[in-house]
Amino acid sequence: MQAPIRHNGSSMADPVVTVSDLLQPVFAAIGGDGSDPVVRPSDRADAQVNGALAIAKRLGQSPRQVAEAVVALAEPVLAGVCSGIEIAGPGFLNLTFTNEFLAAQLASAAAEERLGVREAPVSKRVIVDYSAPNVAKEMHVGHLRTTVIGDSLVRLLTFVGHTVIRENHIGDWGTPFGMLIEHLTDLGEDHAAASLSVGDLDGFYKQARAKFDADETFQDRARARVVMLQSGDAETLRLWHLLVALSTKHFNAVYDKLGVLLTDDDLAGESIYNGRLTEVLERLKSAGLLEQSDGADVVFPPGFTNREGEPLPLIARNSVGGFNYSTSDLACVIDRVERVRADLMLYVVGAPQAQHFAMVFKVAEMAGWLQPPTEAVHVMFGNVLGADRKILKSRSGDPLKFIELLDEAIDRAGTAIAEKNPDLPAAERAEIAEAIGIGAVKYADLSTDRIKDYVFDWDRMLAFDGNTAPYLQYAHVRICSIFRRADLQRGSIRESQPPLLLATPQERALALRLLAFDSAVWDTIDKYSPHRLCTYLFDLAQDFTGFFENCPVLKAADEATKLSRLLLCDTTARVLEAGLGLLGIAAPERM
RNA sequence: GCUCCCGUAGCUCAGGGGAUAGAGCAACGGUUUCCUAAACUGUAGACGGAGGUUCGAAUCCUUCCGGGAGCGCCA
């Protein structure tokens, strides 16, 4: 058997990557430097190579001839890798891999911790800005996408070797805090703390707002309190800290239940930039960017217009001398570039903010704070809709509370489990209900293209068929079940390294899919689109069940086949678990 | 009015220059002495319209039609 093809000791288990690598010199020889072989997975072969068509076009030659020239050079290079190279259609090459090659690549991937996924060529410092709830407000369904998508991106980027810094840009500053602090003093600290720790942040906020709207003297107190807060009055800051602490306790309860990585160490609220806002203004001024407009200090980035078709400014300081979130976001860019020394900043924030961030990034570029290769990306996303195709609301019309959403998910999952698998020990059931319920919510969110709105549907996300978390988790459970039946440790199969025999179409298909984990992860990272990983995992689960139905494992015809299939099972389980893990979803051993 | 995002099967979604556009639900069939049928499997069904670029377009460009969002001192 041929040794796995590897380069520089780095992981190269993905056949598409390996073959692309091998064909690079062949295409360079025929089409010149930079000719891309364009190797892709294919429905009608193990892989297809499309690059000959592009060369033919550039050289003005017949595609067929170019393809033949490629084949002539490629055959020796791909000896042992491909059992067949066929020219098809206008000039595609259809590749069929040898079983030996696939087995060797898969053995190589299975031997690795990262299951064949390539490490990032350059390790970057990446900031992922996500979740960003508001202090003294209940987290609601509007925070679902940013939290879940951001967390998955953190896991993915970490997995391939980047240094990832999580930043939770909580809304802990601004004019509402005057009214909130005054309401706090009215209630009395102890009473307020008690009521807030029960988790009724919205009630507190609404009471404060109602008082503010109805009572002029309260308004005056609130305004005065804002000034005290901004001037750093010690007592006011103490009360403010109290509000922040009570709120973050609530955030953490949600994060805990949701199973995301965010902790108090990741808090980077708006308030931390407060001391640097005048600096932003000065630096904009010395860069010659600052202009006066209607009494405000503004910057006019090119390419933005307002309703009247006039240039649209980014307002750095308003006409009464106040700063706003544009100023704060600019200070934030400076901080991330100059203090944190980030190479890449991901802002996981909803699509409605697209123009705001485009303007902030543009101004930061103009001021020279944001320069290549440092990059800021607005990872935007659409809304979560209800059955009526409007933004998801609770029965009362308020935004759906995040914590209630999660409780309902766990509750529904628990009911389903009790029904489908009543034999499960009660102690285990609660834990599994959480894995299934939370997984379902996260997967429903991650599995559609983030840019689009999606319709929130309990029945669909908790269904055990289709592109859902439970379906993927079930595939994993079935594998665990096989090993449990056989009373075998999964690790022992791995260590004994039995030869992989890919005799059936289902085994080959499964092996090919397992080897594509690398491409799937990188494709997901390149586009910051977790749904691509979801699609891959769903395909993997389907390939696995095809294998499961057609290829008996414990009752295989002979011992060698059994061991080979056990290794396929183990590797599948590991990829499923790792893949779900990258989405922040647990893979229980039974359900 | 301007700008951005989205229109793929009855429904919910993939595919974002390559061959015959993939799934899942729902519909109508078939499969359990067998590792969890929470599964597998067969049939039927689609690129909003019109132009253009290209050897090749669901994919890129223009335009129109539909849906959503944003457009100066809130965040």
# chains A, B, ... in the order shown; residues from 1 in each chain; ligands from 1
>>> select_by_dssp(residues="range 129-295 of chain A", states="strand (DSSP E or B)", output="ChimeraX atom specification")
/A:129,134,140,163-168,171,267,291-293
>>> residues_around(residues="Ala28 in chain A", least_positions_apart="2", cutoff="12 Å", atoms="only C-alpha atoms (C1' of nucleotides)", output="list in words")
Ser20, Asp21, Leu22, Leu23, Gln24, Pro25, Val26, Ile30, Gly31, Gly32, Asp33, Gly34, Ser35, Asp36, Pro37, Gly51, Ala52, Ile55, Val70, Leu73 and Ala74 of chain A
>>> residues_around(residues="range 284-296 of chain A", least_positions_apart="2", cutoff="10 Å", atoms="only C-alpha atoms (C1' of nucleotides)", output="PyMOL selection string")
(chain A and resi 278-282+298-301+313-322+330+363-364+366-368) or (chain B and resi 72-73)
>>> write_last_selection(atoms="C-alpha atoms (C1' of nucleotides)", output="JSON list (two decimals), in the first residue's frame")
[["chain", "number", "residue", "atom", "x", "y", "z"],
["A", 278, "THR", "CA", -12.11, 63.35, 22.73],
["A", 279, "GLU", "CA", -8.97, 61.67, 21.45],
["A", 280, "VAL", "CA", -10.95, 60.36, 18.49],
["A", 281, "LEU", "CA", -12.10, 63.86, 17.76],
["A", 282, "GLU", "CA", -8.60, 65.29, 17.99],
["A", 298, "VAL", "CA", -18.60, 65.41, 11.26],
["A", 299, "VAL", "CA", -16.62, 63.46, 8.69],
["A", 300, "PHE", "CA", -17.94, 63.00, 5.17],
["A", 301, "PRO", "CA", -16.80, 59.61, 3.90],
["A", 313, "PRO", "CA", -21.88, 62.60, 7.42],
["A", 314, "LEU", "CA", -20.65, 60.40, 10.20],
["A", 315, "ILE", "CA", -21.31, 62.50, 13.27],
["A", 316, "ALA", "CA", -18.37, 62.47, 15.65],
["A", 317, "ARG", "CA", -19.78, 65.07, 18.02],
["A", 318, "ASN", "CA", -23.31, 66.38, 17.92],
["A", 319, "SER", "CA", -24.38, 70.01, 17.95],
["A", 320, "VAL", "CA", -24.66, 70.12, 21.73],
["A", 321, "GLY", "CA", -21.20, 68.67, 22.22],
["A", 322, "GLY", "CA", -22.18, 65.06, 22.89],
["A", 330, "LEU", "CA", -14.22, 54.65, 16.09],
["A", 363, "VAL", "CA", -13.59, 56.82, 8.23],
["A", 364, "ALA", "CA", -11.14, 54.60, 10.13],
["A", 366, "MET", "CA", -9.33, 57.55, 5.89],
["A", 367, "ALA", "CA", -7.78, 58.38, 9.24],
["A", 368, "GLY", "CA", -5.18, 55.68, 8.70],
["B", 72, "G", "C1'", -27.76, 63.69, 10.10],
["B", 73, "C", "C1'", -27.16, 64.63, 15.48]]
>>> residues_around(residues="G48 in chain B", least_positions_apart="3", cutoff="9 Å", atoms="only C-alpha atoms (C1' of nucleotides)", output="PyMOL selection string")
chain B and resi 7+65-66
>>> interface_residues(of="chain B", to="chain A", cutoff="9 Å", atoms="only C-alpha atoms (C1' of nucleotides)", output="PDB file with C-alpha atoms (C1' of nucleotides), in the first residue's frame")
ATOM      1  C1'   G B   1     -36.462  59.477  -3.852  1.00  0.00           C
ATOM      2  C1'   C B   2     -31.471  57.174  -2.976  1.00  0.00           C
ATOM      3  C1'   U B   3     -28.649  52.950  -1.113  1.00  0.00           C
ATOM      4  C1'   C B   4     -28.087  47.938   0.665  1.00  0.00           C
ATOM      5  C1'   C B   5     -29.991  42.799   1.268  1.00  0.00           C
ATOM      6  C1'   C B   6     -33.276  38.904  -0.434  1.00  0.00           C
ATOM      7  C1'   U B  12     -38.506  25.291   4.591  1.00  0.00           C
ATOM      8  C1'   C B  13     -33.677  25.587   2.714  1.00  0.00           C
ATOM      9  C1'   A B  14     -28.673  24.228  -0.090  1.00  0.00           C
ATOM     10  C1'   G B  18     -18.905  24.334 -15.169  1.00  0.00           C
ATOM     11  C1'   A B  19     -21.856  18.764 -17.251  1.00  0.00           C
ATOM     12  C1'   A B  23     -31.902  18.068   0.281  1.00  0.00           C
ATOM     13  C1'   G B  24     -35.779  17.849   4.003  1.00  0.00           C
ATOM     14  C1'   C B  25     -40.979  18.481   5.015  1.00  0.00           C
ATOM     15  C1'   C B  34     -31.059  -7.390  11.515  1.00  0.00           C
ATOM     16  C1'   C B  35     -25.981  -2.572  15.449  1.00  0.00           C
ATOM     17  C1'   U B  36     -32.066   2.747  18.319  1.00  0.00           C
ATOM     18  C1'   A B  38     -35.997   9.201  16.150  1.00  0.00           C
ATOM     19  C1'   A B  39     -34.167   5.308  10.215  1.00  0.00           C
ATOM     20  C1'   C B  40     -33.952   3.774   4.991  1.00  0.00           C
ATOM     21  C1'   C B  55     -17.316  28.015 -25.134  1.00  0.00           C
ATOM     22  C1'   A B  69     -34.132  47.112   5.773  1.00  0.00           C
ATOM     23  C1'   G B  70     -31.380  51.694   6.172  1.00  0.00           C
ATOM     24  C1'   C B  71     -30.935  56.727   4.924  1.00  0.00           C
ATOM     25  C1'   G B  72     -27.758  63.693  10.096  1.00  0.00           C
ATOM     26  C1'   C B  73     -27.161  64.634  15.483  1.00  0.00           C
ATOM     27  C1'   C B  74     -30.676  57.337  19.743  1.00  0.00           C
ATOM     28  C1'   A B  75     -27.751  52.888  20.166  1.00  0.00           C
TER      29        A B  75
END
>>> residues_around(residues="C64 in chain B", least_positions_apart="4", cutoff="12 Å", atoms="only C-alpha atoms (C1' of nucleotides)", output="compact mmCIF listing (two decimals) with C-alpha atoms (C1' of nucleotides), in the first residue's frame")
# COMPACT_ATOMS: atom_id res chain seq x y z
C1' G B 48 -39.49 36.18 -10.28
C1' G B 49 -39.49 38.58 -15.75
C1' A B 50 -36.59 40.53 -19.85
C1' G B 51 -31.98 41.72 -22.01
>>> residues_around(residues="Leu515 in chain A", least_positions_apart="4", cutoff="7 Å", atoms="only C-alpha atoms (C1' of nucleotides)", output="VMD selection string")
chain A and resid 13 to 15 106 511
>>> closest_atom_pairs(of="range 214-257 of chain A", to="range 197-206 of chain A", cutoff="9 Å", atoms="only C-alpha atoms", output="Markdown table")
| residue | atom | partner | partner_atom | distance |
| --- | --- | --- | --- | --- |
| A:Leu246 | CA | A:Ser197 | CA | 6.6 |
| A:Ser247 | CA | A:Leu201 | CA | 7.6 |
| A:Lys249 | CA | A:Ser197 | CA | 8.0 |
| A:His250 | CA | A:Gly199 | CA | 6.6 |
>>> residues_around(residues="C47 in chain B", least_positions_apart="6", cutoff="8 Å", atoms="only C-alpha atoms (C1' of nucleotides)", output="PyMOL selection string")
chain B and resi 8+21+58
>>> atom_distance(atom1="CA of Ser195 in chain A", atom2="CA of Val244 in chain A")
14.6 Å
>>> select_by_dssp(residues="range 398-559 of chain A", states="helix (DSSP H, G or I)", output="VMD selection string")
chain A and resid 402 to 420 426 to 446 458 to 461 469 to 486 490 to 496 505 to 515 517 to 527 530 to 550 559
>>> closest_residue(among="B:G29, B:A9, B:G68, B:G16", to="U43 in chain B", atoms="only C-alpha atoms (C1' of nucleotides)")
B:G29
>>> atom_distance(atom1="CA of Pro399 in chain A", atom2="CA of Asp411 in chain A")
19.9 Å
>>> atom_distance(atom1="CA of Val17 in chain A", atom2="CA of Ala69 in chain A")
21.6 Å
>>> closest_residue(among="A:Asp558, A:Glu138, A:Asp266, A:Asp543", to="Leu576 in chain A", atoms="only C-alpha atoms")
A:Asp543
>>> closest_residue(among="A:Val521, A:Ile438, A:Leu580, A:Val16", to="Gly259 in chain A", atoms="only C-alpha atoms")
A:Ile438
